[in-house]
$ cat run-v8.txt   # compact mmCIF, C-alpha atoms
# COMPACT_ATOMS: atom_id res chain seq x y z
CA MET A 225 -85.10 -40.11 113.42
CA LYS A 226 -82.58 -37.29 113.34
CA ASN A 227 -82.84 -33.55 113.75
CA ILE A 228 -81.46 -31.81 110.66
CA LEU A 229 -80.67 -28.11 110.37
CA ILE A 230 -80.62 -26.66 106.86
CA THR A 231 -79.03 -23.23 106.65
CA GLY A 232 -80.44 -21.38 103.67
CA GLY A 233 -83.25 -23.91 103.79
CA ALA A 234 -85.88 -21.61 102.25
CA GLY A 235 -83.91 -21.36 99.01
CA PHE A 236 -84.36 -23.41 95.86
CA ILE A 237 -82.23 -26.39 96.87
CA GLY A 238 -82.93 -26.09 100.59
CA SER A 239 -86.73 -26.03 100.38
CA ASN A 240 -86.80 -29.05 98.07
CA MET A 241 -84.42 -30.88 100.40
CA ALA A 242 -86.45 -29.98 103.49
CA LEU A 243 -89.65 -31.38 102.00
CA GLN A 244 -87.97 -34.61 100.92
CA LEU A 245 -86.36 -35.09 104.35
CA ILE A 246 -89.74 -34.55 106.03
CA ARG A 247 -91.27 -37.22 103.77
CA LYS A 248 -88.54 -39.58 104.95
CA GLY A 249 -89.39 -38.93 108.60
CA TYR A 250 -86.68 -36.47 109.64
CA ARG A 251 -87.30 -33.44 111.83
CA VAL A 252 -86.13 -30.38 109.92
CA ARG A 253 -85.16 -26.95 111.18
CA VAL A 254 -84.43 -24.12 108.73
CA LEU A 255 -82.36 -21.01 109.31
CA ASP A 256 -82.84 -18.48 106.51
CA SER A 257 -82.67 -14.70 106.20
CA LEU A 258 -85.32 -14.63 103.42
CA SER A 259 -83.12 -12.46 101.21
CA ARG A 260 -85.12 -9.98 99.13
CA GLN A 261 -83.17 -10.86 95.97
CA ILE A 262 -84.49 -14.43 96.23
CA HIS A 263 -87.76 -14.15 98.15
CA GLY A 264 -89.08 -10.69 97.24
CA GLU A 265 -90.31 -7.85 99.42
CA ASN A 266 -92.91 -9.89 101.31
CA PRO A 267 -92.00 -13.61 101.40
CA GLU A 268 -95.45 -14.56 102.72
CA MET A 269 -96.81 -13.36 99.37
CA THR A 270 -93.85 -13.27 97.00
CA SER A 271 -91.90 -16.46 97.79
CA PRO A 272 -93.40 -19.81 96.74
CA LEU A 273 -90.24 -21.46 98.07
CA TYR A 274 -90.77 -20.10 101.57
CA ARG A 275 -94.48 -20.86 101.47
CA SER A 276 -93.75 -24.47 100.48
CA ILE A 277 -91.98 -25.13 103.81
CA LYS A 278 -93.84 -22.72 106.07
CA ASP A 279 -95.50 -24.56 108.97
CA LYS A 280 -93.78 -27.80 107.88
CA VAL A 281 -90.37 -27.07 109.38
CA ASP A 282 -89.11 -25.42 112.55
CA PHE A 283 -88.36 -22.10 110.85
CA ILE A 284 -85.97 -19.48 112.22
CA GLN A 285 -85.71 -16.24 110.30
CA GLY A 286 -82.15 -15.17 110.89
CA SER A 287 -78.68 -14.98 109.42
CA VAL A 288 -75.68 -17.29 109.54
CA CYS A 289 -73.69 -14.08 110.02
CA VAL A 290 -75.36 -13.48 113.42
CA LYS A 291 -73.88 -15.60 116.20
CA GLU A 292 -77.04 -15.57 118.32
CA ASP A 293 -79.08 -16.89 115.37
CA LEU A 294 -76.61 -19.72 114.85
CA ILE A 295 -76.60 -20.65 118.54
CA LYS A 296 -80.39 -20.87 118.50
CA ALA A 297 -80.41 -22.88 115.27
CA LEU A 298 -77.75 -25.39 116.35
CA LYS A 299 -79.51 -26.43 119.54
CA ASN A 300 -80.38 -30.17 119.57
CA GLN A 301 -79.37 -30.72 115.94
CA ASP A 302 -77.67 -33.94 114.77
CA VAL A 303 -76.84 -32.93 111.20
CA ILE A 304 -76.11 -29.56 109.59
CA VAL A 305 -76.73 -29.13 105.87
CA HIS A 306 -74.94 -25.86 105.17
CA LEU A 307 -76.46 -24.29 102.05
CA ALA A 308 -76.56 -20.62 103.12
CA ALA A 309 -74.32 -18.67 100.77
CA GLU A 310 -74.11 -15.80 98.35
CA THR A 311 -74.14 -17.33 94.87
CA GLY A 312 -73.23 -16.27 91.35
CA THR A 313 -70.02 -15.35 89.58
CA GLY A 314 -70.79 -11.84 88.33
CA GLN A 315 -71.82 -10.13 91.56
CA SER A 316 -69.00 -11.81 93.47
CA MET A 317 -66.40 -9.93 91.44
CA TYR A 318 -67.40 -6.59 92.95
CA GLU A 319 -69.35 -7.46 96.11
CA ILE A 320 -66.24 -9.08 97.53
CA GLU A 321 -66.77 -8.20 101.16
CA ARG A 322 -70.35 -9.50 101.20
CA TYR A 323 -69.45 -12.80 99.55
CA SER A 324 -66.52 -13.28 101.92
CA ALA A 325 -68.60 -12.40 104.98
CA VAL A 326 -71.43 -14.81 104.18
CA ASN A 327 -69.54 -17.67 102.58
CA ILE A 328 -66.32 -17.65 104.61
CA GLN A 329 -66.71 -15.72 107.85
CA ALA A 330 -70.18 -17.05 108.67
CA THR A 331 -68.99 -20.60 108.01
CA ALA A 332 -66.02 -20.00 110.29
CA GLN A 333 -68.39 -18.76 112.99
CA MET A 334 -70.59 -21.85 112.65
CA LEU A 335 -67.60 -24.19 112.82
CA ASP A 336 -66.22 -22.32 115.83
CA LEU A 337 -69.50 -22.96 117.66
CA VAL A 338 -69.46 -26.64 116.70
CA ALA A 339 -65.86 -27.00 117.86
CA ASN A 340 -66.13 -25.04 121.11
CA SER A 341 -69.67 -25.28 122.43
CA GLU A 342 -71.74 -28.13 123.78
CA ASN A 343 -73.76 -29.68 120.96
CA GLN A 344 -74.81 -33.01 119.46
CA VAL A 345 -73.76 -32.42 115.84
CA GLU A 346 -72.62 -35.67 114.22
CA LYS A 347 -72.23 -34.55 110.60
CA ILE A 348 -71.90 -31.42 108.49
CA VAL A 349 -72.80 -31.47 104.81
CA VAL A 350 -71.68 -28.40 102.89
CA ALA A 351 -72.76 -27.21 99.45
CA SER A 352 -69.65 -26.50 97.42
CA SER A 353 -69.57 -25.68 93.70
CA ARG A 354 -68.07 -26.68 90.39
CA ALA A 355 -66.72 -23.11 90.40
CA ILE A 356 -63.80 -24.24 92.57
CA TYR A 357 -62.31 -26.04 89.55
CA GLY A 358 -62.10 -22.92 87.40
CA GLU A 359 -61.74 -24.08 83.81
CA GLY A 360 -61.71 -27.74 84.75
CA LYS A 361 -59.86 -30.62 83.15
CA TYR A 362 -58.64 -30.83 79.54
CA MET A 363 -56.64 -33.32 77.52
CA SER A 364 -53.83 -32.39 75.16
CA VAL A 365 -51.82 -34.46 72.71
CA GLU A 366 -48.58 -33.00 74.01
CA GLN A 367 -48.97 -33.24 77.80
CA GLY A 368 -52.02 -35.36 78.55
CA ALA A 369 -54.26 -33.96 81.31
CA VAL A 370 -53.82 -30.22 81.86
CA TYR A 371 -55.64 -27.57 83.90
CA PRO A 372 -55.71 -24.22 82.08
CA THR A 373 -55.97 -20.99 84.05
CA HIS A 374 -58.57 -18.35 83.23
CA ARG A 375 -58.68 -17.10 79.68
CA SER A 376 -56.93 -13.98 78.41
CA THR A 377 -59.09 -10.87 78.11
CA GLY A 378 -57.14 -9.94 75.00
CA ASP A 379 -57.92 -13.25 73.30
CA MET A 380 -61.60 -12.94 74.09
CA GLU A 381 -61.76 -9.36 72.86
CA ARG A 382 -60.48 -10.73 69.54
CA GLY A 383 -63.24 -13.33 69.51
CA ASP A 384 -61.02 -16.25 70.55
CA PHE A 385 -62.84 -17.85 73.48
CA GLU A 386 -61.10 -21.21 73.68
CA VAL A 387 -58.84 -22.07 76.60
CA LYS A 388 -55.08 -22.19 76.12
CA TYR A 389 -52.24 -24.02 77.84
CA SER A 390 -48.55 -23.34 77.38
CA GLY A 391 -46.84 -25.86 75.12
CA CYS A 392 -50.09 -27.40 73.90
CA GLY A 393 -52.08 -27.17 70.72
CA SER A 394 -55.83 -27.66 70.73
CA LEU A 395 -57.38 -28.89 73.98
CA ARG A 396 -60.31 -31.24 74.54
CA ALA A 397 -62.55 -30.75 77.58
CA VAL A 398 -63.03 -33.95 79.60
CA PRO A 399 -65.04 -34.72 82.75
CA THR A 400 -63.56 -33.05 85.80
CA ASP A 401 -63.00 -35.49 88.68
CA GLU A 402 -62.63 -34.65 92.37
CA ASN A 403 -58.83 -35.01 92.23
CA SER A 404 -58.58 -32.32 89.56
CA LYS A 405 -56.72 -29.11 90.26
CA ILE A 406 -58.65 -26.58 92.32
CA HIS A 407 -58.01 -23.09 90.98
CA PRO A 408 -61.17 -20.96 90.93
CA SER A 409 -61.37 -18.00 88.56
CA SER A 410 -63.93 -15.92 90.48
CA ILE A 411 -64.37 -14.58 94.00
CA TYR A 412 -67.42 -16.83 94.32
CA GLY A 413 -65.32 -19.88 93.46
CA ILE A 414 -62.62 -18.85 95.92
CA THR A 415 -65.13 -18.47 98.76
CA LYS A 416 -66.65 -21.89 98.02
CA GLN A 417 -63.21 -23.48 97.98
CA VAL A 418 -62.38 -21.99 101.37
CA GLN A 419 -65.80 -22.91 102.76
CA GLU A 420 -65.41 -26.54 101.69
CA GLN A 421 -61.89 -26.87 103.00
CA MET A 422 -62.77 -25.33 106.37
CA VAL A 423 -65.69 -27.71 106.86
CA LEU A 424 -63.77 -30.86 105.95
CA ASN A 425 -60.74 -29.79 107.99
CA VAL A 426 -62.63 -28.88 111.16
CA CYS A 427 -64.94 -31.90 111.00
CA GLU A 428 -61.96 -34.24 110.85
CA SER A 429 -60.19 -32.43 113.69
CA VAL A 430 -63.19 -32.56 116.07
CA GLY A 431 -64.17 -36.13 115.14
CA ILE A 432 -67.42 -35.64 113.26
CA ALA A 433 -68.31 -36.57 109.70
CA GLY A 434 -67.90 -33.96 106.99
CA ILE A 435 -69.05 -34.21 103.37
CA SER A 436 -68.88 -31.67 100.56
CA PHE A 437 -70.99 -31.68 97.40
CA ARG A 438 -69.66 -29.79 94.40
CA TYR A 439 -72.89 -28.95 92.59
CA GLN A 440 -72.91 -28.21 88.88
CA ASN A 441 -75.59 -25.90 87.38
CA VAL A 442 -78.73 -26.78 89.35
CA TYR A 443 -82.14 -26.20 87.74
CA GLY A 444 -85.76 -27.25 87.95
CA PRO A 445 -89.26 -26.19 88.94
CA GLY A 446 -89.24 -23.64 91.73
CA GLN A 447 -86.01 -21.82 90.92
CA SER A 448 -86.12 -18.04 90.88
CA LEU A 449 -87.33 -16.51 87.64
CA SER A 450 -86.70 -12.97 88.86
CA ASN A 451 -83.07 -13.09 90.01
CA PRO A 452 -81.08 -11.61 87.10
CA TYR A 453 -77.70 -12.69 88.40
CA THR A 454 -77.90 -16.49 88.41
CA GLY A 455 -79.30 -19.25 86.23
CA ILE A 456 -79.32 -18.88 82.45
CA LEU A 457 -82.24 -21.30 82.15
CA SER A 458 -84.47 -19.07 84.24
CA ILE A 459 -83.15 -15.85 82.64
CA PHE A 460 -83.66 -17.14 79.09
CA SER A 461 -87.05 -18.70 79.90
CA ASN A 462 -88.31 -15.48 81.44
CA ARG A 463 -87.27 -13.51 78.37
CA ILE A 464 -88.78 -15.99 75.92
CA LYS A 465 -92.05 -16.05 77.82
CA SER A 466 -92.24 -12.24 77.82
CA GLY A 467 -91.25 -11.98 74.14
CA GLN A 468 -87.89 -10.34 74.78
CA GLY A 469 -84.73 -11.07 72.84
CA ILE A 470 -81.87 -13.26 74.03
CA ASN A 471 -78.23 -12.19 74.10
CA ILE A 472 -75.85 -15.16 74.01
CA PHE A 473 -72.40 -14.32 75.36
CA GLU A 474 -69.17 -15.39 73.67
CA ASP A 475 -69.84 -17.57 70.60
CA GLY A 476 -72.54 -19.76 72.13
CA ARG A 477 -70.33 -22.85 72.20
CA GLU A 478 -69.50 -22.49 75.89
CA SER A 479 -71.08 -25.33 77.84
CA ARG A 480 -72.39 -26.27 81.27
CA ASP A 481 -73.44 -29.43 83.10
CA PHE A 482 -77.10 -28.92 84.05
CA VAL A 483 -78.21 -31.09 86.96
CA TYR A 484 -81.88 -31.45 87.90
CA ILE A 485 -82.99 -30.45 91.39
CA ASP A 486 -84.25 -33.95 92.30
CA ASP A 487 -80.78 -35.39 91.65
CA VAL A 488 -79.11 -32.71 93.75
CA VAL A 489 -81.47 -33.47 96.64
CA GLY A 490 -81.12 -37.23 96.15
CA ALA A 491 -77.34 -37.15 96.11
CA THR A 492 -77.17 -34.91 99.18
CA ILE A 493 -79.55 -37.07 101.18
CA ALA A 494 -77.46 -40.11 100.22
CA GLY A 495 -74.56 -38.29 101.85
CA ILE A 496 -76.58 -37.49 104.95
CA GLU A 497 -77.54 -41.14 105.34
CA ALA A 498 -74.13 -42.67 104.51
CA GLU A 499 -72.83 -43.75 107.90
CA SER A 500 -69.41 -44.96 106.74
CA VAL A 501 -68.50 -42.05 104.44
CA SER A 502 -66.69 -39.08 105.95
CA ASN A 503 -64.38 -36.25 104.92
CA GLU A 504 -65.06 -36.71 101.24
CA ALA A 505 -65.97 -34.35 98.40
CA PHE A 506 -68.35 -35.38 95.62
CA ASN A 507 -69.25 -33.92 92.25
CA VAL A 508 -72.97 -33.71 91.59
CA GLY A 509 -73.84 -33.35 87.92
CA THR A 510 -74.81 -35.43 84.91
CA GLY A 511 -71.40 -35.65 83.30
CA ILE A 512 -72.86 -34.34 80.02
CA PRO A 513 -72.08 -30.82 78.76
CA VAL A 514 -74.74 -28.77 76.97
CA SER A 515 -73.77 -25.66 74.99
CA VAL A 516 -75.52 -22.36 75.63
CA SER A 517 -76.65 -22.22 71.99
CA GLU A 518 -78.24 -25.66 72.40
CA VAL A 519 -79.97 -24.46 75.58
CA VAL A 520 -81.54 -21.58 73.67
CA ARG A 521 -82.57 -23.81 70.78
CA VAL A 522 -84.28 -26.31 73.09
CA LEU A 523 -86.04 -23.61 75.12
CA LEU A 524 -87.44 -21.93 71.99
CA GLU A 525 -88.66 -25.31 70.78
CA LYS A 526 -90.31 -26.22 74.10
CA PHE A 527 -91.96 -22.81 74.50
CA ASP A 528 -92.94 -22.85 70.80
CA ARG A 529 -91.98 -19.20 70.61
CA SER A 530 -89.74 -17.10 68.39
CA VAL A 531 -87.72 -14.22 69.81
CA PRO A 532 -84.65 -12.41 68.47
CA VAL A 533 -81.42 -14.25 69.35
CA GLU A 534 -78.04 -12.52 69.13
CA VAL A 535 -74.69 -14.20 69.60
CA SER A 536 -72.98 -11.04 70.73
CA GLY A 537 -69.38 -12.02 71.45
CA ARG A 538 -69.60 -10.16 74.76
CA PHE A 539 -68.16 -11.90 77.81
CA ARG A 540 -67.96 -11.65 81.58
CA ILE A 541 -64.70 -11.61 83.50
CA GLY A 542 -64.56 -14.71 85.71
CA ASP A 543 -66.74 -16.93 83.53
CA ILE A 544 -65.41 -20.32 82.50
CA ARG A 545 -65.58 -21.93 79.06
CA HIS A 546 -66.44 -25.55 79.90
CA ASN A 547 -66.77 -27.68 83.01
CA PHE A 548 -68.67 -30.93 83.34
CA ALA A 549 -68.51 -33.45 86.13
CA ASP A 550 -67.05 -36.90 86.50
CA VAL A 551 -69.66 -38.46 88.82
CA SER A 552 -68.12 -41.92 89.18
CA LYS A 553 -67.09 -41.30 92.80
CA LEU A 554 -70.69 -40.42 93.68
CA LYS A 555 -71.84 -43.71 92.19
CA VAL A 556 -69.16 -45.84 93.84
CA LEU A 557 -69.05 -44.42 97.39
CA LEU A 558 -72.63 -43.23 97.85
CA GLY A 559 -74.40 -45.54 95.44
CA TYR A 560 -76.18 -42.62 93.83
CA GLU A 561 -76.48 -42.05 90.09
CA PRO A 562 -78.23 -38.98 88.63
CA LYS A 563 -81.53 -40.09 87.11
CA THR A 564 -82.81 -37.09 85.13
CA GLY A 565 -81.20 -36.24 81.82
CA PHE A 566 -81.33 -32.77 80.29
CA ALA A 567 -84.11 -33.64 77.83
CA GLU A 568 -86.43 -34.89 80.57
CA GLY A 569 -85.47 -32.20 83.05
CA ILE A 570 -85.94 -29.30 80.65
CA GLU A 571 -89.38 -30.67 79.70
CA LYS A 572 -90.46 -30.56 83.36
CA PHE A 573 -88.86 -27.16 83.89
CA VAL A 574 -90.53 -25.51 80.89
CA ALA A 575 -93.92 -27.01 81.81
CA TRP A 576 -93.57 -25.42 85.24
CA VAL A 577 -92.45 -22.03 83.85
CA LYS A 578 -95.48 -21.94 81.53
CA ASP A 579 -97.74 -22.16 84.57
CA GLN A 580 -96.03 -19.28 86.38
CA PRO A 581 -97.16 -15.65 86.16
CA LEU A 582 -94.83 -13.28 84.36
CA VAL A 583 -92.28 -11.84 86.76
CA THR A 584 -90.16 -8.72 86.59
CA SER A 585 -86.43 -9.29 86.26
CA ASP A 586 -83.94 -6.47 86.01
CA TYR A 587 -81.70 -8.41 83.67
CA GLU A 588 -80.76 -5.37 81.60
CA GLY A 589 -79.92 -3.50 84.79
CA SER A 590 -77.66 -6.32 85.93
CA LEU A 591 -75.74 -6.10 82.63
CA VAL A 592 -75.34 -2.34 83.03
CA GLU A 593 -74.05 -2.89 86.54
CA LEU A 594 -71.49 -5.45 85.35
CA LYS A 595 -70.37 -3.17 82.52
CA GLU A 596 -69.94 -0.22 84.88
CA LYS A 597 -67.72 -2.40 87.06
CA GLY A 598 -65.61 -3.36 84.04
CA LEU A 599 -66.68 -7.00 84.23
CA LEU A 600 -68.75 -7.19 81.04
CA LYS A 601 -66.74 -6.70 77.89

$ encode --input "run-v8.txt" --output "structure tokens"
Amino acid sequence: MKNILITGGAGFIGSNMALQLIRKGYRVRVLDSLSRQIHGENPEMTSPLYRSIKDKVDFIQGSVCVKEDLIKALKNQDVIVHLAAETGTGQSMYEIERYSAVNIQATAQMLDLVANSENQVEKIVVASSRAIYGEGKYMSVEQGAVYPTHRSTGDMERGDFEVKYSGCGSLRAVPTDENSKIHPSSIYGITKQVQEQMVLNVCESVGIAGISFRYQNVYGPGQSLSNPYTGILSIFSNRIKSGQGINIFEDGRESRDFVYIDDVVGATIAGIEAESVSNEAFNVGTGIPVSVSEVVRVLLEKFDRSVPVEVSGRFRIGDIRHNFADVSKLKVLLGYEPKTGFAEGIEKFVAWVKDQPLVTSDYEGSLVELKEKGLLK
């Protein structure tokens, strides 16, 4: 048996991971601030995620930004699963200090304690993101594999949303592997890149195992339906259920790799339990892109509802066009292969949403906020 600390362990991924680790016989401690944006005003009443782990884990309400909270949380722990982070592209582009403080500075503080204080930590697993790749990997006839930078605002204002690369004609998106160029196009992506690199670097230098998981778009039962800043599946589902219209950005052909929560937890636990794997980064996804228009079509079909759908041509600064994972390294080194395809996963997700009470989400307000900051065009 091992003692495992999960920072951010009351969140969507963390709570699911905590429960699965407990089933496997681990002792789990959770450090979580119970952020209002995720858990509501009164988590005892408003956060099913928190309630699912309450009294099942050694829970510490605190912040990774507070040194005393980290010292308390690290005591007698063998493994750290570092999930605590500010997430989402849009907010990161104007809440730069907050994202940097939580994702970078707090991680630095945690690593400083591991490196310089007496502890029994053997391994650190950090949640990274597909956002570190920016636009990901493409193939061209002229140059083979290329890694385009972020798209031109001028092109997108003219309705041209495809990626470009100097000296190349049309590009074809291909699975992005772990050796692909890292060049994030958002503050969020930058902070996750730094976070990952700090963890892997420090772990190697102090002689403990370090593993990073670059999660794609995680979804499934239990994710927040009220947070208007992250998760198009939850945003669209909430609007369909309440009879509100859907605004599809760009031309609807932009795509994402949607990975089911059970596969994210399974892959991460495989990393926790892999004794011979260290200082490695792994993609966690399905390897299959799904367009946003297809997402909307499937959700309308599963909910058996009809709401107005507009493909608006609007776009957010910092968003990528395509990015889907090459998961072969995950299969080879950790022996884990994602098991839940999009069709099966979305069926389970929609069934869960149907059973949930309607929640209030200030989605329109979030769009106004982005527009005021010049990030929604």

$ atom_distance --input "run-v8.txt" --atom1 "atom CA of A:Glu310" --atom2 "atom CA of A:Glu268"
21.8 Å

$ residues_around --input "run-v8.txt" --residues "A:Gly235" --least-positions-apart "6" --cutoff "9 Å" --atoms "all atoms listed in the file" --output "JSON, numbers by chain"
{"A": [256, 258, 262, 263, 273, 274, 307, 308, 447]}

$ residues_near_point --input "run-v8.txt" --point "(-84.2, -15.9, 98.2)" --cutoff "12 Å" --atoms "all atoms listed in the file" --output "PyMOL selection string"
chain A and resi 232-239+256-267+270-275+308-311+446-451+454

$ atom_distance --input "run-v8.txt" --atom1 "atom CA of A:Glu571" --atom2 "atom CA of A:Glu359"
28.7 Å

$ residues_near_point --input "run-v8.txt" --point "(-77.7, -41.2, 90.3)" --cutoff "12 Å" --atoms "only C-alpha atoms" --output "PDB file with C-alpha atoms, in the coordinates of the input"
ATOM      1  CA  VAL A 483     -78.210 -31.090  86.960  1.00  0.00           C
ATOM      2  CA  TYR A 484     -81.880 -31.450  87.900  1.00  0.00           C
ATOM      3  CA  ASP A 486     -84.250 -33.950  92.300  1.00  0.00           C
ATOM      4  CA  ASP A 487     -80.780 -35.390  91.650  1.00  0.00           C
ATOM      5  CA  VAL A 488     -79.110 -32.710  93.750  1.00  0.00           C
ATOM      6  CA  VAL A 489     -81.470 -33.470  96.640  1.00  0.00           C
ATOM      7  CA  GLY A 490     -81.120 -37.230  96.150  1.00  0.00           C
ATOM      8  CA  ALA A 491     -77.340 -37.150  96.110  1.00  0.00           C
ATOM      9  CA  THR A 492     -77.170 -34.910  99.180  1.00  0.00           C
ATOM     10  CA  ILE A 493     -79.550 -37.070 101.180  1.00  0.00           C
ATOM     11  CA  ALA A 494     -77.460 -40.110 100.220  1.00  0.00           C
ATOM     12  CA  ASN A 507     -69.250 -33.920  92.250  1.00  0.00           C
ATOM     13  CA  VAL A 508     -72.970 -33.710  91.590  1.00  0.00           C
ATOM     14  CA  GLY A 509     -73.840 -33.350  87.920  1.00  0.00           C
ATOM     15  CA  THR A 510     -74.810 -35.430  84.910  1.00  0.00           C
ATOM     16  CA  GLY A 511     -71.400 -35.650  83.300  1.00  0.00           C
ATOM     17  CA  VAL A 551     -69.660 -38.460  88.820  1.00  0.00           C
ATOM     18  CA  SER A 552     -68.120 -41.920  89.180  1.00  0.00           C
ATOM     19  CA  LYS A 553     -67.090 -41.300  92.800  1.00  0.00           C
ATOM     20  CA  LEU A 554     -70.690 -40.420  93.680  1.00  0.00           C
ATOM     21  CA  LYS A 555     -71.840 -43.710  92.190  1.00  0.00           C
ATOM     22  CA  VAL A 556     -69.160 -45.840  93.840  1.00  0.00           C
ATOM     23  CA  LEU A 557     -69.050 -44.420  97.390  1.00  0.00           C
ATOM     24  CA  LEU A 558     -72.630 -43.230  97.850  1.00  0.00           C
ATOM     25  CA  GLY A 559     -74.400 -45.540  95.440  1.00  0.00           C
ATOM     26  CA  TYR A 560     -76.180 -42.620  93.830  1.00  0.00           C
ATOM     27  CA  GLU A 561     -76.480 -42.050  90.090  1.00  0.00           C
ATOM     28  CA  PRO A 562     -78.230 -38.980  88.630  1.00  0.00           C
ATOM     29  CA  LYS A 563     -81.530 -40.090  87.110  1.00  0.00           C
ATOM     30  CA  THR A 564     -82.810 -37.090  85.130  1.00  0.00           C
ATOM     31  CA  GLY A 565     -81.200 -36.240  81.820  1.00  0.00           C
TER      32      GLY A 565
END

$ residues_around --input "run-v8.txt" --residues "stretch 517-534 of chain A" --least-positions-apart "2" --cutoff "9 Å" --atoms "only C-alpha atoms" --output "ChimeraX atom specification"
/A:456-457,460-461,463-465,467-473,475-479,514-515,536-537,567,570-571,574-575,578

$ axis_aligned_box --input "run-v8.txt" --around "stretch 563-570 of chain A" --padding-each-side "8 Å" --output "JSON"
{"center_x": -83.8, "center_y": -34.7, "center_z": 82.5, "size_x": 21.2, "size_y": 26.8, "size_z": 25.3}

$ atom_distance --input "run-v8.txt" --atom1 "atom CA of A:Tyr323" --atom2 "atom CA of A:Ile356"
14.5 Å

$ residues_around --input "run-v8.txt" --residues "A:Phe482" --least-positions-apart "4" --cutoff "8 Å" --atoms "all atoms listed in the file" --output "list of chain:residue names"
A:Gln440, A:Asn441, A:Val442, A:Tyr443, A:Gly509, A:Thr510, A:Ile512, A:Pro513, A:Val514, A:Phe566

$ closest_atom_pairs --input "run-v8.txt" --of "stretch 535-582 of chain A" --to "stretch 411-423 of chain A" --cutoff "12 Å" --atoms "all atoms listed in the file" --output "tab-separated table"
residue	atom	partner	partner_atom	distance
A:Ile541	CA	A:Ile411	CA	10.9
A:Gly542	CA	A:Ile411	CA	8.3
A:Asp543	CA	A:Gly413	CA	10.5
A:Ile544	CA	A:Gly413	CA	11.0

$ residues_around --input "run-v8.txt" --residues "A:Ser500" --least-positions-apart "2" --cutoff "10 Å" --atoms "all atoms listed in the file" --output "number ranges by chain"
A: 433, 495, 497-498, 502, 557-558

$ residues_around --input "run-v8.txt" --residues "stretch 365-367 of chain A" --least-positions-apart "5" --cutoff "12 Å" --atoms "all atoms listed in the file" --output "compact mmCIF listing (two decimals) with C-alpha atoms, in the coordinates of the input"
# COMPACT_ATOMS: atom_id res chain seq x y z
CA TYR A 389 -52.24 -24.02 77.84
CA SER A 390 -48.55 -23.34 77.38
CA GLY A 391 -46.84 -25.86 75.12
CA CYS A 392 -50.09 -27.40 73.90
CA GLY A 393 -52.08 -27.17 70.72
CA SER A 394 -55.83 -27.66 70.73
CA LEU A 395 -57.38 -28.89 73.98
CA ARG A 396 -60.31 -31.24 74.54

$ closest_residue --input "run-v8.txt" --among "A:Asp550, A:Asp302, A:Asp586, A:Glu568" --to "A:Gly360" --atoms "all atoms listed in the file"
A:Asp550

$ closest_residue --input "run-v8.txt" --among "A:Val305, A:Cys427, A:Leu294, A:Ile230" --to "A:Ile277" --atoms "only C-alpha atoms"
A:Ile230

$ closest_residue --input "run-v8.txt" --among "A:Asp401, A:Glu593, A:Glu588, A:Asp293" --to "A:Tyr357" --atoms "all atoms listed in the file"
A:Asp401

$ decode --input "run-v8.txt" --residues "stretch 260-271 of chain A" --atoms "N, CA and C atoms" --output "JSON list (two decimals), in the first residue's frame"
[["chain", "number", "residue", "atom", "x", "y", "z"],
["A", 260, "ARG", "N", -14.76, 28.20, -6.06],
["A", 260, "ARG", "CA", -16.18, 28.48, -6.27],
["A", 260, "ARG", "C", -16.58, 28.25, -7.72],
["A", 261, "GLN", "N", -15.70, 28.55, -8.67],
["A", 261, "GLN", "CA", -16.03, 28.37, -10.09],
["A", 261, "GLN", "C", -16.34, 26.91, -10.42],
["A", 262, "ILE", "N", -15.73, 25.99, -9.67],
["A", 262, "ILE", "CA", -15.93, 24.57, -9.91],
["A", 262, "ILE", "C", -16.94, 23.97, -8.95],
["A", 263, "HIS", "N", -16.86, 24.36, -7.67],
["A", 263, "HIS", "CA", -17.62, 23.67, -6.62],
["A", 263, "HIS", "C", -18.81, 24.46, -6.08],
["A", 264, "GLY", "N", -19.00, 25.69, -6.54],
["A", 264, "GLY", "CA", -20.14, 26.47, -6.07],
["A", 264, "GLY", "C", -19.88, 27.16, -4.75],
["A", 265, "GLU", "N", -20.91, 27.86, -4.28],
["A", 265, "GLU", "CA", -20.79, 28.67, -3.07],
["A", 265, "GLU", "C", -20.63, 27.83, -1.81],
["A", 266, "ASN", "N", -21.30, 26.69, -1.77],
["A", 266, "ASN", "CA", -21.28, 25.84, -0.59],
["A", 266, "ASN", "C", -21.04, 24.39, -1.02],
["A", 267, "PRO", "N", -19.76, 23.98, -1.12],
["A", 267, "PRO", "CA", -19.44, 22.66, -1.67],
["A", 267, "PRO", "C", -20.18, 21.50, -1.02],
["A", 268, "GLU", "N", -20.49, 21.61, 0.27],
["A", 268, "GLU", "CA", -21.23, 20.56, 0.95],
["A", 268, "GLU", "C", -22.59, 20.31, 0.28],
["A", 269, "MET", "N", -23.13, 21.37, -0.35],
["A", 269, "MET", "CA", -24.44, 21.27, -0.99],
["A", 269, "MET", "C", -24.35, 21.34, -2.50],
["A", 270, "THR", "N", -23.37, 22.09, -3.01],
["A", 270, "THR", "CA", -23.35, 22.41, -4.44],
["A", 270, "THR", "C", -22.32, 21.64, -5.25],
["A", 271, "SER", "N", -21.50, 20.78, -4.62],
["A", 271, "SER", "CA", -20.45, 20.08, -5.35],
["A", 271, "SER", "C", -20.57, 18.56, -5.21]]
